[in-house]
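Participant: Before anything else, here's the structure in question.
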Amino acid sequence: MSISARLAELGIELPAVAAPVAAYVPAVVHAGLVYTSGQLPFTDGALPATGKVGAAVDAADAQAYARTCALNALAAAADAAGGVDRIAGVLRVGGFVASVPEFSGQPGVINGASEVLGEIFGDAGRHARAAVGVPVLPLDSPVEVEVTFLLA
């Protein structure tokens with residue numbers, strides 16, 4: 001099944017590629033891979049929340065934002081690669097969670113990204129991953145995700 005057909009089956013519509021907030025491009029194709037820049041959970045051009053996970057932002061909400069980040073990453077990768085059906089799988093996910101010092105649930109938050117990529121790509125969505133707690137992210141976003149995809 002093609003990735004576009006799988007997205008339709010899941011009822012997932014990829015968002016428009018988010019405009020960069022600084023001097024970079026959303027994704028780059030190189031040597032059979034697509035590397036995305038860190039993606040924030042923009043929805044219709046705006047962040048759904050700001051602040052730290054464990055304080056102003058609930059962990060369950062942050063997990064949903066990580067899912068949005070992953071879909072934004074897939075949209076950026078598809079745009080750079082010439083279409084979503086040129087994406088064959090996921091190699092690595094890097095997740096960053098702006099959180100209070102006592103919060104240690106970063107892996108659970110980034111599961112939002114990993115799980116949606118698994119739903120979309122099946123076994124080809126299994127990936128290496130990092131989930132890192134940080135003091136602050138761009139625009140005070142609670143979550144940022146970068147993904148390395150494999151080309152078909």
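Ordered as shown in the structure tokens, chains take letters A, B, and onward, while each chain numbers its residues from 1 and ligands are numbered from 1 in the order shown.
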Report as JSON, numbers by chain: the residues of region 41-97 of chain A with a DSSP assignment of helix (DSSP H, G or I), based on the backbone of this structure.

Facilitator: {"A": [59, 60, 61, 62, 63, 64, 65, 66, 67, 68, 69, 70, 71, 72, 73, 74, 75, 76, 77, 78, 79, 80, 81, 84, 85, 86]}

Participant: Determine, counting only C-alpha atoms, which protein, DNA and RNA residues have an atom within 9 Å of an atom of Ile87 (chain A); residues of the same chain fewer than 5 positions away are not included. Present the result as a list in words.

Facilitator: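 Residues meeting the cut-off are Ile3, Leu33, Val34, Leu74, Ala77, Ala78, Ala81, Phe149, Leu150, Leu151 and Ala152 of chain A.
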
Participant: Give me a file of those residues, with N, CA, C and O atoms, as an mmCIF file, in the first residue's frame.

Facilitator:
data_model
loop_
_atom_site.group_PDB
_atom_site.id
_atom_site.type_symbol
_atom_site.label_atom_id
_atom_site.label_comp_id
_atom_site.auth_asym_id
_atom_site.auth_seq_id
_atom_site.Cartn_x
_atom_site.Cartn_y
_atom_site.Cartn_z
ATOM 1 N N ILE A 3 2.035 5.141 0.716
ATOM 2 C CA ILE A 3 1.918 5.980 1.908
ATOM 3 C C ILE A 3 0.716 6.911 1.782
ATOM 4 O O ILE A 3 -0.018 7.114 2.757
ATOM 5 N N LEU A 33 18.334 9.737 1.755
ATOM 6 C CA LEU A 33 17.668 10.105 3.007
ATOM 7 C C LEU A 33 17.056 11.489 2.880
ATOM 8 O O LEU A 33 17.484 12.303 2.070
ATOM 9 N N VAL A 34 16.063 11.749 3.715
ATOM 10 C CA VAL A 34 15.507 13.095 3.858
ATOM 11 C C VAL A 34 15.654 13.473 5.327
ATOM 12 O O VAL A 34 15.128 12.794 6.204
ATOM 13 N N LEU A 74 6.815 14.965 8.285
ATOM 14 C CA LEU A 74 6.496 14.164 7.098
ATOM 15 C C LEU A 74 6.081 15.067 5.936
ATOM 16 O O LEU A 74 6.484 14.832 4.795
ATOM 17 N N ALA A 77 9.275 16.569 4.568
ATOM 18 C CA ALA A 77 10.048 15.556 3.844
ATOM 19 C C ALA A 77 9.412 15.246 2.500
ATOM 20 O O ALA A 77 10.111 15.133 1.479
ATOM 21 N N ALA A 78 8.108 15.104 2.473
ATOM 22 C CA ALA A 78 7.402 14.813 1.226
ATOM 23 C C ALA A 78 7.591 15.946 0.224
ATOM 24 O O ALA A 78 7.810 15.702 -0.966
ATOM 25 N N ALA A 81 11.120 15.708 -1.123
ATOM 26 C CA ALA A 81 11.382 14.483 -1.883
ATOM 27 C C ALA A 81 10.575 14.375 -3.169
ATOM 28 O O ALA A 81 10.822 13.477 -3.972
ATOM 29 N N PHE A 149 14.125 10.425 7.312
ATOM 30 C CA PHE A 149 13.321 9.459 6.556
ATOM 31 C C PHE A 149 14.183 8.780 5.491
ATOM 32 O O PHE A 149 15.153 9.352 4.998
ATOM 33 N N LEU A 150 13.788 7.578 5.126
ATOM 34 C CA LEU A 150 14.404 6.832 4.020
ATOM 35 C C LEU A 150 13.616 7.105 2.750
ATOM 36 O O LEU A 150 12.383 7.139 2.766
ATOM 37 N N LEU A 151 14.325 7.284 1.632
ATOM 38 C CA LEU A 151 13.655 7.452 0.349
ATOM 39 C C LEU A 151 13.361 6.107 -0.284
ATOM 40 O O LEU A 151 14.094 5.139 -0.098
ATOM 41 N N ALA A 152 12.292 6.073 -1.065
ATOM 42 C CA ALA A 152 11.943 4.848 -1.795
ATOM 43 C C ALA A 152 12.884 4.681 -2.975
ATOM 44 O O ALA A 152 13.396 5.618 -3.514
#

Participant: List the neighbours of Asp44 (chain A) out to 9 Å using only C-alpha atoms; skip same-chain residues closer than 3 positions along the sequence, and give me the result as a PDB file with N, CA and C atoms, in the first residue's frame.

Facilitator:
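As a result, out32.pdb now contains:
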ATOM      1  N   PRO A  15      -0.414  18.453   6.830  1.00  0.00           N
ATOM      2  CA  PRO A  15      -0.546  19.911   6.825  1.00  0.00           C
ATOM      3  C   PRO A  15       0.334  20.526   5.745  1.00  0.00           C
ATOM      4  N   ALA A  16       0.120  21.810   5.500  1.00  0.00           N
ATOM      5  CA  ALA A  16       1.035  22.562   4.642  1.00  0.00           C
ATOM      6  C   ALA A  16       2.385  22.621   5.355  1.00  0.00           C
ATOM      7  N   ALA A  18       5.322  23.945   7.225  1.00  0.00           N
ATOM      8  CA  ALA A  18       5.467  25.116   8.085  1.00  0.00           C
ATOM      9  C   ALA A  18       6.622  25.981   7.599  1.00  0.00           C
ATOM     10  N   LEU A  47       1.206  28.044  17.148  1.00  0.00           N
ATOM     11  CA  LEU A  47       1.459  27.023  18.161  1.00  0.00           C
ATOM     12  C   LEU A  47       0.187  26.826  18.996  1.00  0.00           C
TER      13      LEU A  47
END

Participant: Between A:Val17, A:Asp58, A:His30, A:Glu115, single out the one closest to Phe42 (chain A), counting only C-alpha atoms.

Facilitator: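 Answer, going by the shortest atom-to-atom distance: A:Val17.
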
Participant: Which residues are near Ala128 (chain A)? Cut-off 9 Å, only C-alpha atoms, ignore same chain within fewer than 5 positions. Put them as a list in words.

Facilitator: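 Once the nearby chain positions are removed, what remains is Val90, Leu91, Arg92, Val93 and Gly94 of chain A.
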
Participant: When you count only C-alpha atoms, which of these residues is closest to Ala88 (chain A): A:Ala76, A:Ala55, A:Ile110, A:Met1?

Facilitator: A:Met1

Participant: Can you pull out the residues contacting Leu137 (chain A)? Cut-off 9 Å, using only C-alpha atoms, and skip same-chain residues under 5 positions away; I want them as a PyMOL selection string.

Facilitator: chain A and resi 96-98+142-144

Participant: Can you spit out the residues from that selection as a PDB file, in the first residue's frame, using C-alpha atoms?

Facilitator:
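Below you can see result.pdb, which holds the result:
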ATOM      1  CA  PHE A  96      13.058  17.717  22.419  1.00  0.00           C
ATOM      2  CA  VAL A  97      10.729  18.502  25.306  1.00  0.00           C
ATOM      3  CA  ALA A  98      10.871  21.861  27.072  1.00  0.00           C
ATOM      4  CA  PRO A 142       6.769  22.740  24.490  1.00  0.00           C
ATOM      5  CA  VAL A 143       7.967  20.169  21.901  1.00  0.00           C
ATOM      6  CA  GLU A 144      10.188  19.955  18.803  1.00  0.00           C
TER       7      GLU A 144
END

Participant: Quick one: of A:Pro107, A:Gly122, A:Gly45, A:Pro20, who's nearest to Gly95 (chain A), counting only C-alpha atoms?

Facilitator: A:Pro107

Participant: Please report the interatomic distance between CA of Gly32 (chain A) and CA of His127 (chain A) in Å with one decimal.

Facilitator: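 Going from CA of Gly32 (chain A) over to CA of His127 (chain A), I get 16.0 Å.
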
Participant: Would you work out the distance separating CA of Gly125 (chain A) from CA of Pro138 (chain A), expressed in Å to one decimal?

Facilitator: 27.0 Å

Participant: For Ala5 (chain A), find every residue with an atom within 12 Å (counting only C-alpha atoms), except residues of its own chain fewer than 3 positions away, and show them as a count of residues only.

Facilitator: 12

Participant: Counting only C-alpha atoms, which residue out of A:Leu139, A:Ala70, A:Val147, A:Gly51 sits closest to Val21 (chain A)?

Facilitator: A:Leu139

Participant: Which residues in chain A does DSSP call strand (DSSP E or B)? List them as an MDAnalysis selection string.

Facilitator: chainID A and resid 27:30 33:36 39 43 46 53 57 87:99 128:134 143:151

Participant: For the atom pair CA of Val132 (chain A) and CA of Lys52 (chain A), what is the interatomic distance in Å to one decimal place?

Facilitator: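 Computing the Euclidean distance for CA of Val132 (chain A) and CA of Lys52 (chain A) yields 13.3 Å.
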